[in-house]
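**Student:** See entry.txt below, with compact mmCIF, C-alpha atoms.
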```txt
# COMPACT_ATOMS: atom_id res chain seq x y z
CA MET V 1439 182.87 137.23 192.53
CA ARG V 1440 188.54 140.46 191.05
CA SER V 1441 191.89 142.87 190.10
CA LEU V 1442 194.07 146.16 190.08
CA PHE V 1443 196.26 149.02 191.51
CA VAL V 1444 198.88 151.72 191.47
CA LEU V 1445 202.52 151.47 191.76
CA ILE V 1446 205.42 152.95 189.85
CA VAL V 1447 208.62 152.25 191.59
CA ALA V 1448 210.73 155.10 192.81
CA VAL V 1449 214.42 154.80 193.36
CA VAL V 1450 213.75 153.47 196.84
CA CYS V 1451 210.79 151.22 197.70
CA CYS V 1452 209.00 152.10 200.91
CA VAL V 1453 208.56 149.50 203.62
CA GLN V 1454 204.81 149.80 203.11
CA GLY V 1455 204.71 149.74 199.31
CA VAL V 1456 205.93 151.77 196.38
CA THR V 1457 206.07 155.43 195.65
CA ILE V 1458 204.83 156.49 192.22
CA ASN V 1459 207.37 157.91 189.82
CA ARG V 1460 206.68 158.24 186.11
CA CYS V 1461 210.37 157.81 185.25
CA ASN V 1462 210.40 154.21 186.43
CA SER V 1463 206.96 152.73 185.83
CA GLN V 1464 205.84 149.15 186.38
CA LYS V 1465 203.10 149.55 183.75
CA ALA V 1466 200.50 146.77 183.65
CA THR V 1467 201.49 144.17 186.22
CA SER V 1468 200.11 141.29 188.21
CA THR V 1469 203.12 141.56 190.51
CA ASP V 1470 202.31 141.43 194.22
CA PHE V 1471 202.87 144.52 196.34
CA TRP V 1472 202.05 144.89 199.98
CA TYR V 1473 200.71 147.63 202.18
CA THR V 1474 202.21 146.57 205.50
CA ALA V 1475 200.49 148.99 207.88
CA GLN V 1476 196.86 147.97 207.48
CA LEU V 1477 194.94 148.01 210.78
CA VAL V 1478 193.40 144.76 212.00
CA ASP V 1479 190.59 146.71 213.67
CA HIS V 1480 189.72 150.18 212.39
CA PHE V 1481 187.13 150.80 215.10
CA ASP V 1482 189.11 150.20 218.28
CA ARG V 1483 191.77 152.87 218.81
CA GLU V 1484 193.44 150.77 221.49
CA ASN V 1485 194.06 147.95 219.04
CA THR V 1486 197.13 148.95 217.05
CA ASP V 1487 197.77 145.52 215.49
CA THR V 1488 198.53 145.60 211.76
CA PHE V 1489 198.77 143.17 208.87
CA SER V 1490 200.01 143.21 205.26
CA GLN V 1491 197.47 143.69 202.49
CA ARG V 1492 198.25 142.66 198.91
CA TYR V 1493 197.55 144.85 195.89
CA TRP V 1494 198.27 145.05 192.16
CA VAL V 1495 198.84 148.05 189.91
CA ASN V 1496 198.68 149.39 186.36
CA ASP V 1497 200.02 152.92 185.86
CA THR V 1498 200.41 152.66 182.08
CA TYR V 1499 198.06 155.55 181.35
CA TRP V 1500 198.44 157.62 184.50
CA THR V 1501 199.91 161.00 185.15
CA PRO V 1502 199.63 162.74 188.56
CA GLY V 1503 196.41 164.66 188.86
CA GLN V 1504 194.44 162.17 186.77
CA PRO V 1505 191.91 159.80 188.42
CA ILE V 1506 192.52 156.71 190.48
CA PHE V 1507 190.39 153.63 189.78
CA LEU V 1508 190.27 151.27 192.75
CA ALA V 1509 188.72 147.84 192.26
CA PHE V 1510 187.72 145.69 195.22
CA ALA V 1511 188.86 142.10 194.85
CA GLY V 1512 185.86 140.65 196.69
CA GLU V 1513 185.66 137.11 198.00
CA GLY V 1514 188.74 135.62 196.38
CA ASP V 1515 192.35 135.93 195.38
CA LEU V 1516 193.61 138.76 193.27
CA SER V 1517 193.26 137.49 189.72
CA GLU V 1518 192.93 138.74 186.17
CA PHE V 1519 189.13 138.54 186.38
CA TYR V 1520 188.83 142.29 186.03
CA GLY V 1521 192.30 142.60 184.65
CA VAL V 1522 195.05 145.09 185.27
CA THR V 1523 196.20 144.39 181.72
CA SER V 1524 192.91 144.29 179.78
CA GLY V 1525 189.16 144.60 180.23
CA ILE V 1526 186.54 147.29 180.68
CA ILE V 1527 188.26 148.94 183.66
CA VAL V 1528 191.55 149.12 181.75
CA ASP V 1529 189.72 150.52 178.73
CA ASN V 1530 188.21 153.24 180.90
CA ALA V 1531 191.60 153.94 182.47
CA ALA V 1532 193.13 154.45 179.04
CA ARG V 1533 190.28 156.80 178.16
CA HIS V 1534 190.84 158.94 181.27
CA GLY V 1535 194.54 158.55 182.04
CA ALA V 1536 193.67 156.76 185.28
CA LEU V 1537 195.78 154.76 187.69
CA LEU V 1538 194.43 151.23 188.32
CA VAL V 1539 194.55 149.76 191.81
CA TYR V 1540 193.34 146.27 192.68
CA LEU V 1541 193.10 145.66 196.44
CA GLU V 1542 192.82 142.18 197.95
CA HIS V 1543 190.11 141.70 200.57
CA ARG V 1544 191.14 140.85 204.12
CA TYR V 1545 190.94 137.08 204.89
CA TYR V 1546 191.06 136.17 201.19
CA GLY V 1547 193.91 135.10 198.96
CA GLN V 1548 197.25 135.94 200.56
CA THR V 1549 195.85 138.71 202.80
CA GLN V 1550 195.35 136.82 206.05
CA PRO V 1551 195.31 138.93 209.23
CA GLU V 1552 194.98 135.87 211.47
CA GLY V 1553 197.05 133.36 209.51
CA ASP V 1554 195.72 129.79 209.41
CA ASN V 1555 193.56 130.01 212.53
CA LEU V 1556 190.23 128.25 211.88
CA LEU V 1557 188.45 129.27 215.07
CA TYR V 1558 185.35 131.47 215.06
CA GLY V 1559 187.05 134.21 217.05
CA SER V 1560 189.82 134.58 214.47
CA TYR V 1561 187.24 135.81 211.94
CA LYS V 1562 185.77 138.53 214.13
CA PHE V 1563 187.40 141.26 212.04
CA LEU V 1564 185.99 139.90 208.77
CA ASN V 1565 183.08 142.05 207.61
CA ALA V 1566 182.19 144.69 205.03
CA ASP V 1567 182.77 147.61 207.40
CA GLN V 1568 186.38 146.56 208.08
CA ALA V 1569 186.98 145.83 204.38
CA MET V 1570 185.80 149.28 203.30
CA ALA V 1571 187.83 150.92 206.06
CA ASP V 1572 190.83 149.01 204.68
CA ALA V 1573 190.28 150.68 201.32
CA ALA V 1574 189.88 154.12 202.90
CA ARG V 1575 193.08 153.79 204.93
CA PHE V 1576 194.94 152.35 201.94
CA LEU V 1577 193.90 155.30 199.78
CA GLU V 1578 194.92 157.71 202.53
CA TRP V 1579 198.37 156.13 202.53
CA LEU V 1580 198.55 156.11 198.73
CA PHE V 1581 197.70 159.80 198.51
CA SER V 1582 200.15 160.65 201.28
CA VAL V 1583 203.23 158.86 199.92
CA ASN V 1584 202.66 160.28 196.46
CA GLY V 1585 201.86 163.84 197.48
CA LEU V 1586 198.33 163.72 196.04
CA GLN V 1587 195.48 165.94 197.17
CA ARG V 1588 192.03 164.49 197.74
CA GLY V 1589 190.25 167.43 196.17
CA SER V 1590 192.29 167.36 192.99
CA THR V 1591 192.67 163.59 192.39
CA LYS V 1592 189.34 161.89 191.79
CA VAL V 1593 188.65 158.31 192.88
CA VAL V 1594 186.23 155.93 191.17
CA VAL V 1595 185.62 152.52 192.77
CA TRP V 1596 184.72 149.38 190.85
CA GLY V 1597 183.41 145.93 191.62
CA CYS V 1598 181.19 143.09 190.51
CA SER V 1599 179.23 140.60 192.62
CA TYR V 1600 180.33 140.93 196.29
CA SER V 1601 182.96 143.46 195.26
CA GLY V 1602 180.14 145.32 193.50
CA MET V 1603 178.37 145.52 196.82
CA LEU V 1604 181.53 146.96 198.35
CA SER V 1605 182.00 149.54 195.60
CA ALA V 1606 178.43 150.82 195.99
CA TRP V 1607 178.60 150.80 199.77
CA PHE V 1608 181.99 152.53 199.75
CA ARG V 1609 180.50 155.40 197.76
CA ILE V 1610 177.63 155.54 200.31
CA LYS V 1611 179.89 155.38 203.36
CA TYR V 1612 182.87 157.41 202.07
CA PRO V 1613 181.43 159.93 199.58
CA HIS V 1614 184.22 162.38 200.40
CA ILE V 1615 186.77 159.83 199.12
CA ALA V 1616 185.03 158.13 196.20
CA LEU V 1617 183.46 160.39 193.60
CA ALA V 1618 181.56 157.53 191.96
CA ALA V 1619 181.07 153.77 191.91
CA ILE V 1620 180.38 151.14 189.27
CA SER V 1621 178.56 148.22 190.90
CA GLY V 1622 178.02 145.14 188.75
CA SER V 1623 175.70 142.24 189.64
CA ALA V 1624 175.60 143.26 193.29
CA PRO V 1625 173.08 141.46 195.56
CA VAL V 1626 172.75 144.43 197.89
CA LEU V 1627 169.71 143.00 199.68
CA ALA V 1628 170.86 140.58 202.36
CA GLN V 1629 168.47 137.64 202.72
CA ALA V 1630 169.00 134.43 204.67
CA ASP V 1631 166.60 132.18 202.76
CA PHE V 1632 167.16 132.68 199.02
CA PRO V 1633 164.85 130.36 197.03
CA GLU V 1634 164.58 132.87 194.18
CA PHE V 1635 168.13 132.02 193.10
CA ASP V 1636 167.20 128.53 191.97
CA VAL V 1637 163.97 129.72 190.37
CA THR V 1638 166.15 131.73 187.99
CA VAL V 1639 168.48 128.74 187.55
CA ARG V 1640 165.47 126.67 186.50
CA GLN V 1641 164.45 129.33 183.99
CA THR V 1642 167.98 129.31 182.57
CA LEU V 1643 167.94 125.51 182.15
CA GLY V 1644 164.47 125.34 180.64
CA ASP V 1645 161.71 122.83 181.38
CA LYS V 1646 163.19 119.76 179.67
CA CYS V 1647 166.66 120.12 181.19
CA SER V 1648 165.23 121.01 184.60
CA THR V 1649 163.19 117.80 184.61
CA VAL V 1650 166.30 115.75 183.83
CA VAL V 1651 168.29 117.55 186.52
CA HIS V 1652 165.55 117.01 189.13
CA ASP V 1653 164.57 113.42 188.27
CA ASP V 1654 167.60 111.78 186.70
CA ILE V 1655 170.49 113.54 188.44
CA PHE V 1656 169.35 114.63 191.90
CA GLY V 1657 166.48 112.16 192.22
CA GLU V 1658 168.74 109.29 191.17
CA THR V 1659 171.44 110.47 193.59
CA GLU V 1660 168.97 110.50 196.50
CA THR V 1661 167.83 106.99 195.57
CA LYS V 1662 171.39 105.70 195.54
CA LEU V 1663 172.04 107.29 198.92
CA LEU V 1664 169.49 104.89 200.44
CA THR V 1665 171.75 101.86 200.05
CA GLU V 1666 175.38 101.07 200.73
CA ALA V 1667 175.81 99.77 197.19
CA GLY V 1668 174.37 103.03 195.84
CA LYS V 1669 176.72 105.07 198.00
CA ARG V 1670 179.67 103.13 196.58
CA GLU V 1671 178.45 103.91 193.06
CA LEU V 1672 178.21 107.60 193.92
CA HIS V 1673 181.66 107.57 195.47
CA ALA V 1674 183.01 106.16 192.20
CA LEU V 1675 181.15 108.75 190.11
CA PHE V 1676 182.01 111.66 192.42
CA PRO V 1677 185.43 111.06 194.02
CA ILE V 1678 185.23 113.46 196.94
CA CYS V 1679 188.17 115.23 198.52
CA GLU V 1680 187.11 114.46 202.09
CA GLU V 1681 187.64 111.20 203.98
CA VAL V 1682 184.06 111.09 205.32
CA PHE V 1683 181.23 110.66 202.81
CA ASP V 1684 178.20 112.84 203.63
CA GLY V 1685 175.20 112.46 201.34
CA VAL V 1686 173.62 115.86 201.94
CA LYS V 1687 176.96 117.61 201.50
CA LEU V 1688 177.39 115.76 198.20
CA LEU V 1689 173.94 116.94 197.07
CA ARG V 1690 174.81 120.52 198.02
CA ALA V 1691 178.13 120.33 196.17
CA MET V 1692 176.36 119.03 193.06
CA GLN V 1693 173.80 121.83 193.39
CA ASP V 1694 176.62 124.35 193.61
CA VAL V 1695 178.05 123.09 190.31
CA VAL V 1696 174.76 123.58 188.46
CA GLU V 1697 174.21 126.99 190.08
CA ASN V 1698 177.65 128.18 189.06
CA TRP V 1699 177.17 127.02 185.49
CA ALA V 1700 173.86 128.90 185.42
CA GLN V 1701 175.12 132.13 186.95
CA GLY V 1702 178.08 132.06 184.57
CA ASN V 1703 176.03 131.26 181.47
CA ASN V 1704 177.56 134.11 179.48
CA PRO V 1705 178.68 134.30 175.83
CA ASP V 1706 182.41 134.59 176.57
CA ALA V 1707 182.25 131.48 178.79
CA GLY V 1708 180.66 129.39 176.05
CA PHE V 1709 177.30 129.15 177.87
CA PRO V 1710 178.25 126.37 180.33
CA ALA V 1711 174.67 125.75 181.52
CA ASP V 1712 173.60 125.23 177.92
CA VAL V 1713 176.48 122.80 177.44
CA MET V 1714 175.38 120.84 180.50
CA CYS V 1715 171.80 120.69 179.29
CA ASP V 1716 172.83 119.57 175.81
CA THR V 1717 174.88 116.82 177.45
CA VAL V 1718 172.40 115.41 179.98
CA VAL V 1719 169.21 115.51 177.90
CA ARG V 1720 170.76 113.42 175.10
CA THR V 1721 171.99 110.48 177.13
CA ILE V 1722 170.47 107.41 178.75
CA ASP V 1723 172.59 108.01 181.88
CA PRO V 1724 172.37 111.72 182.82
CA LEU V 1725 173.93 111.25 186.26
CA ARG V 1726 177.06 109.67 184.84
CA GLU V 1727 177.38 112.26 182.07
CA PHE V 1728 176.89 115.07 184.60
CA ALA V 1729 179.69 113.63 186.73
CA LEU V 1730 182.02 113.25 183.74
CA LEU V 1731 181.32 116.80 182.54
CA GLY V 1732 181.84 118.20 186.03
CA GLN V 1733 185.10 116.38 186.51
CA SER V 1734 186.47 117.50 183.15
CA THR V 1735 185.38 121.14 183.34
CA TYR V 1736 184.74 122.04 187.00
CA TRP V 1737 186.17 120.14 189.94
CA GLY V 1738 189.03 118.09 188.48
CA SER V 1739 190.46 115.16 190.41
CA CYS V 1740 188.08 115.34 193.36
CA LEU V 1741 184.86 117.14 194.32
CA GLU V 1742 185.13 119.17 197.50
CA THR V 1743 181.95 118.67 199.54
CA ASP V 1744 183.16 120.45 202.69
CA PRO V 1745 185.35 123.36 201.54
CA TYR V 1746 184.54 125.37 204.65
CA ARG V 1747 186.83 123.28 206.86
CA HIS V 1748 189.96 124.92 205.40
CA THR V 1749 191.25 128.44 205.68
CA GLY V 1750 190.91 130.41 202.48
CA THR V 1751 188.21 131.71 200.20
CA ALA V 1752 185.47 129.16 200.88
CA ARG V 1753 185.66 129.33 204.67
CA SER V 1754 185.96 133.13 204.73
CA TRP V 1755 182.94 133.56 202.47
CA TRP V 1756 181.04 130.98 204.51
CA PHE V 1757 181.72 133.05 207.61
CA GLN V 1758 180.38 136.20 205.95
CA SER V 1759 177.35 134.29 204.69
CA CYS V 1760 176.70 132.97 208.19
CA THR V 1761 177.11 136.34 209.89
CA GLU V 1762 176.19 139.12 207.42
CA TYR V 1763 174.35 138.07 204.26
CA GLY V 1764 172.81 134.61 204.20
CA TYR V 1765 172.19 133.90 200.50
CA PHE V 1766 171.31 130.31 201.38
CA MET V 1767 169.93 128.75 198.20
CA THR V 1768 166.95 126.54 199.00
CA ASN V 1769 164.95 124.38 196.62
CA TYR V 1770 161.31 124.57 197.74
CA GLU V 1771 160.21 127.10 195.10
CA ALA V 1772 162.27 125.83 192.16
CA ASN V 1773 161.80 122.08 192.78
CA LEU V 1774 165.07 121.50 190.96
CA PHE V 1775 167.53 120.01 193.45
CA SER V 1776 167.25 118.22 196.80
CA ASP V 1777 164.73 119.12 199.49
CA ASN V 1778 167.27 117.99 202.09
CA VAL V 1779 169.28 121.19 201.60
CA THR V 1780 167.10 123.46 203.73
CA LEU V 1781 167.58 126.75 205.52
CA GLU V 1782 167.84 124.78 208.76
CA TRP V 1783 170.59 122.64 207.22
CA TYR V 1784 172.56 125.75 206.25
CA LEU V 1785 172.20 127.29 209.70
CA GLY V 1786 173.28 124.00 211.26
CA MET V 1787 176.35 124.05 209.02
CA CYS V 1788 177.10 127.59 210.16
CA ALA V 1789 177.02 126.53 213.79
CA SER V 1790 178.98 123.30 213.35
CA GLU V 1791 181.71 124.67 211.07
CA PHE V 1792 182.51 127.47 213.53
CA GLU V 1793 181.77 125.44 216.67
CA GLN V 1794 178.96 127.67 217.88
CA THR V 1795 175.72 126.66 219.58
CA SER V 1796 173.85 128.69 216.99
CA LEU V 1797 174.87 131.12 214.28
CA ALA V 1798 172.68 133.06 211.86
CA PRO V 1799 173.29 136.03 209.57
CA ASP V 1800 172.24 139.44 210.86
CA THR V 1801 170.61 140.42 207.59
CA GLU V 1802 168.44 143.01 209.29
CA TRP V 1803 171.50 145.00 210.34
CA THR V 1804 173.20 144.62 206.96
CA ASN V 1805 170.14 145.99 205.18
CA TRP V 1806 169.66 148.76 207.73
CA ALA V 1807 173.30 149.82 207.50
CA TYR V 1808 173.53 150.04 203.69
CA GLY V 1809 170.01 150.83 202.51
CA GLU V 1810 169.23 147.52 200.75
CA LEU V 1811 167.35 148.31 197.48
CA GLU V 1812 166.87 152.00 198.26
CA PRO V 1813 170.32 153.41 198.99
CA SER V 1814 170.56 157.12 199.57
CA ALA V 1815 173.46 158.17 197.35
CA THR V 1816 174.51 159.69 194.05
CA ASN V 1817 176.96 158.75 191.29
CA ILE V 1818 176.43 154.99 191.49
CA LEU V 1819 175.88 152.89 188.37
CA PHE V 1820 174.36 149.46 189.00
CA THR V 1821 174.34 146.85 186.24
CA ASN V 1822 172.33 143.61 186.48
CA GLY V 1823 171.67 140.68 184.17
CA ASN V 1824 168.13 139.58 183.46
CA PHE V 1825 169.36 135.97 183.47
CA ASP V 1826 171.53 136.33 186.58
CA PRO V 1827 170.16 134.52 189.67
CA TRP V 1828 171.85 137.13 191.89
CA ALA V 1829 169.83 139.91 190.26
CA ASN V 1830 166.87 138.84 192.42
CA LEU V 1831 168.59 140.72 195.26
CA GLY V 1832 169.89 143.61 193.17
CA LEU V 1833 168.50 146.86 191.82
CA LYS V 1834 166.25 146.55 188.78
CA SER V 1835 165.26 150.23 188.71
CA ALA V 1836 166.72 153.46 190.05
CA PRO V 1837 165.35 154.46 193.47
CA SER V 1838 166.47 158.08 193.03
CA SER V 1839 167.82 160.46 190.41
CA GLY V 1840 171.41 160.09 191.63
CA ILE V 1841 171.50 156.37 190.86
CA GLN V 1842 171.58 154.76 187.42
CA VAL V 1843 170.57 151.15 186.66
CA GLU V 1844 171.33 149.27 183.44
CA LEU V 1845 169.87 145.82 182.64
CA TYR V 1846 171.03 143.35 180.01
CA ASP V 1847 170.06 139.88 178.71
CA ALA V 1848 172.96 137.85 180.08
CA ALA V 1849 174.16 136.45 183.39
CA HIS V 1850 176.53 137.36 186.22
CA CYS V 1851 179.01 140.23 185.71
CA ALA V 1852 178.73 139.98 181.91
CA PRO V 1853 179.66 143.65 181.19
CA PHE V 1854 183.03 143.02 182.87
CA HIS V 1855 183.73 140.03 180.62
CA THR V 1856 185.38 139.96 177.21
CA PRO V 1857 183.00 141.12 174.45
CA THR V 1858 181.94 138.55 171.84
CA ASP V 1859 179.97 138.55 168.60
CA GLU V 1860 177.17 136.77 170.48
CA ASP V 1861 176.60 139.57 172.99
CA PRO V 1862 172.99 140.82 172.94
CA ASP V 1863 172.45 144.43 171.98
CA ASN V 1864 171.54 145.52 175.51
CA LEU V 1865 174.77 144.01 176.89
CA VAL V 1866 176.72 146.04 174.34
CA ALA V 1867 174.66 149.07 175.37
CA THR V 1868 175.38 148.43 179.06
CA ARG V 1869 179.12 148.47 178.43
CA GLN V 1870 178.69 151.76 176.58
CA ALA V 1871 176.63 153.09 179.49
CA ILE V 1872 179.58 152.39 181.78
CA PHE V 1873 181.85 154.44 179.53
CA ASP V 1874 179.28 157.26 179.36
CA PHE V 1875 178.77 157.22 183.15
CA VAL V 1876 182.51 157.46 183.88
CA ASP V 1877 182.87 160.19 181.25
CA ALA V 1878 180.11 162.18 182.92
CA VAL V 1879 181.35 161.92 186.52
CA LEU V 1880 184.93 162.78 185.53
CA ALA V 1881 183.97 165.66 183.24
```
Could you render the structure as structure tokens?
**Tutor:**
Amino acid sequence: MRSLFVLIVAVVCCVQGVTINRCNSQKATSTDFWYTAQLVDHFDRENTDTFSQRYWVNDTYWTPGQPIFLAFAGEGDLSEFYGVTSGIIVDNAARHGALLVYLEHRYYGQTQPEGDNLLYGSYKFLNADQAMADAARFLEWLFSVNGLQRGSTKVVVWGCSYSGMLSAWFRIKYPHIALAAISGSAPVLAQADFPEFDVTVRQTLGDKCSTVVHDDIFGETETKLLTEAGKRELHALFPICEEVFDGVKLLRAMQDVVENWAQGNNPDAGFPADVMCDTVVRTIDPLREFALLGQSTYWGSCLETDPYRHTGTARSWWFQSCTEYGYFMTNYEANLFSDNVTLEWYLGMCASEFEQTSLAPDTEWTNWAYGELEPSATNILFTNGNFDPWANLGLKSAPSSGIQVELYDAAHCAPFHTPTDEDPDNLVATRQAIFDFVDAVLA
């Protein structure tokens, strides 16, 4: 689960950002700009603390009065994942003369309200409500400094994965600001225990590969963990980044690699899960070949088995998982990975990483607040992949006439990726449906 926004430098740059002026445009840019007056807490009027929020811009196609496209960055740095220079959002911007705005999420990338503080209390302002209020206040500022009127300048919000959740929820919560939302691969149903994810991973791998993964990679790893000599072998195969070797954390990190290859098994990525399967089923030593493939294509010099101990993307997303969403991927239905990675293990990690006696996600509130799989809203387009493990918690059919759902035979966020000659027909059709949807709402 990334990228865009508006700029156009005027003669004088504001302290809080940049005023738009067509005579001196920045065009498509991944240059960092900062909105310096973002509120730390939007829901406590006595708290006037502020922080700087990073954003990017592409105004190549924009003229005042035309739409603004705001993309939520989600759980990571601003990057060219969506693209302020190319991609489906840029293509739609060119079609409609829109201004592109890519807003970094609080507590991710360089937007850090609490700096490097690792304590639980420093994350208390990290949640979807605050993130969406950030976008609302940012847009208020953007309209104000550029003399735009809300009624005459239309806003469409975009996102995929977690940012797709935010785009849909923003349309639900702020319908007077956002005219429409495009929500790709969004797991809008919060669920603590998520065994369905790995059931889909198993289907992606197929029976033969799944047997090798279960028996010869994870089964062999668990056998080696029983002896000191075996642990030394594993340490040589999987050079970890941490000083302390933890067997269950290693198993979870290995599971994460396979899950990411499966959720990203798209044409433009070269089908990484298929590559893994082709590699491990043709060798007499699947564990070693898995480790070599992972090191060369995924983790590099060392495998991080405890990424949550640092500030940054992993710890911030772990906090949101532990407090809002869950999404803890357990093995008991798929029988693919290790049975040691249980819901109880995840909840124990939540508590220990943030030094709490207990900590569990309030999924009931998240679902109550945003409508889970039956949101009450209009002008939202959801897209989901039939081979995407996250689609188990997303919309597969429209709950009402104001919502549109498009399905395709690929994996996570595929419509946002670069088209290829291998794209299935319904993926091509889903991209066209996005164009048609935006055309209709902006007509």
**Student:** At a cut-off of 7 Å from (179.7, 113.2, 192.9) in the coordinates of the file, what residues are picked up using all atoms listed in the file, written as JSON, numbers by chain?
**Tutor:** {"V": [1672, 1673, 1675, 1676, 1677, 1678, 1688, 1692, 1729, 1741]}
**Student:** What are the nearest atom pairs, with distances in Å to one decimal, for all residues of region 1527-1627 of chain V that come at most 9 Å from region 1825-1830 of chain V, using only C-alpha atoms, set out by chain and rising residue number as CSV?
**Tutor:**
```
residue,atom,partner,partner_atom,distance
V:Ser1599,CA,V:Trp1828,CA,8.2
V:Ser1623,CA,V:Ala1829,CA,6.3
V:Ala1624,CA,V:Trp1828,CA,7.3
V:Pro1625,CA,V:Trp1828,CA,5.8
V:Leu1627,CA,V:Asn1830,CA,8.8
```
**Student:** Within 10 Å of region 1603-1610 of chain V, which residues of region 1756-1813 of chain V show up? Give each one with its shortest atom-to-atom distance in Å (one decimal) and the two atoms involved, counting all atoms listed in the file, rows by chain then rising residue number, as a Markdown table.
**Tutor:**
```
| residue | atom | partner | partner_atom | distance |
| --- | --- | --- | --- | --- |
| V:Ala1807 | CA | V:Trp1607 | CA | 9.4 |
| V:Tyr1808 | CA | V:Trp1607 | CA | 6.5 |
| V:Gly1809 | CA | V:Trp1607 | CA | 9.0 |
| V:Glu1810 | CA | V:Trp1607 | CA | 10.0 |
| V:Pro1813 | CA | V:Ile1610 | CA | 7.7 |
```
**Student:** Could you check how far CA of Met1787 (chain V) sits from CA of Asn1698 (chain V), in Å to one decimal?
**Tutor:**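 Straight-line distance from CA of Met1787 (chain V) to CA of Asn1698 (chain V) works out to 20.4 Å.
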**Student:** For each of V:Trp1806, V:Trp1699, V:Phe1766, V:Phe1683, take the minimum atom-to-atom distance to Phe1632 (chain V), counting all atoms listed in the file, then give the residue where this is smallest.
**Tutor:**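 Of the candidates, the smallest distance to Phe1632 (chain V) is held by V:Phe1766.
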**Student:** Mind giving me the straight-line distance from CA of Ala1536 (chain V) to CA of Leu1833 (chain V) in Å, one decimal?
**Tutor:**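 These two atoms are separated by 27.8 Å.
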**Student:** Leaving out Tyr1493 (chain V) and any residue of its chain fewer than 5 positions from it, which residues lie within 8 Å of it when counting all atoms listed in the file, given as a list in words?
**Tutor:** Leu1442, Phe1443, Asp1470, Phe1471, Trp1472, Tyr1473, Leu1516, Val1539, Tyr1540, Leu1541 and Glu1542 of chain V
**Student:** Could those selected residues go to a file with C-alpha atoms, as an mmCIF file, keeping the file's coordinate frame?
**Tutor:**
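Output saved as result.cif:
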```cif
data_model
loop_
_atom_site.group_PDB
_atom_site.id
_atom_site.type_symbol
_atom_site.label_atom_id
_atom_site.label_comp_id
_atom_site.auth_asym_id
_atom_site.auth_seq_id
_atom_site.Cartn_x
_atom_site.Cartn_y
_atom_site.Cartn_z
ATOM 1 C CA LEU V 1442 194.070 146.160 190.080
ATOM 2 C CA PHE V 1443 196.260 149.020 191.510
ATOM 3 C CA ASP V 1470 202.310 141.430 194.220
ATOM 4 C CA PHE V 1471 202.870 144.520 196.340
ATOM 5 C CA TRP V 1472 202.050 144.890 199.980
ATOM 6 C CA TYR V 1473 200.710 147.630 202.180
ATOM 7 C CA LEU V 1516 193.610 138.760 193.270
ATOM 8 C CA VAL V 1539 194.550 149.760 191.810
ATOM 9 C CA TYR V 1540 193.340 146.270 192.680
ATOM 10 C CA LEU V 1541 193.100 145.660 196.440
ATOM 11 C CA GLU V 1542 192.820 142.180 197.950
#
```
**Student:** List the neighbours of region 1746-1758 of chain V out to 9 Å using only C-alpha atoms; skip same-chain residues closer than 6 positions along the sequence, and give me the result as a ChimeraX atom specification.
**Tutor:** /V:1513-1515,1545-1548,1550,1553-1556,1558,1561,1564-1566,1764,1788,1791-1792,1799
**Student:** Name the residues in contact with Tyr1770 (chain V) at a cut-off of 9 Å, using all atoms listed in the file, excluding same-chain residues fewer than 5 positions from it; report them as number ranges by chain.
**Tutor:** V: 1633, 1775-1777, 1780
**Student:** Considering all atoms listed in the file, state which residue in the set V:Ala1707, V:Val1522, V:Val1651, V:Val1682 is at the smallest distance from Val1695 (chain V).
**Tutor:**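 The shortest atom-to-atom distance to Val1695 (chain V) comes from V:Val1651.
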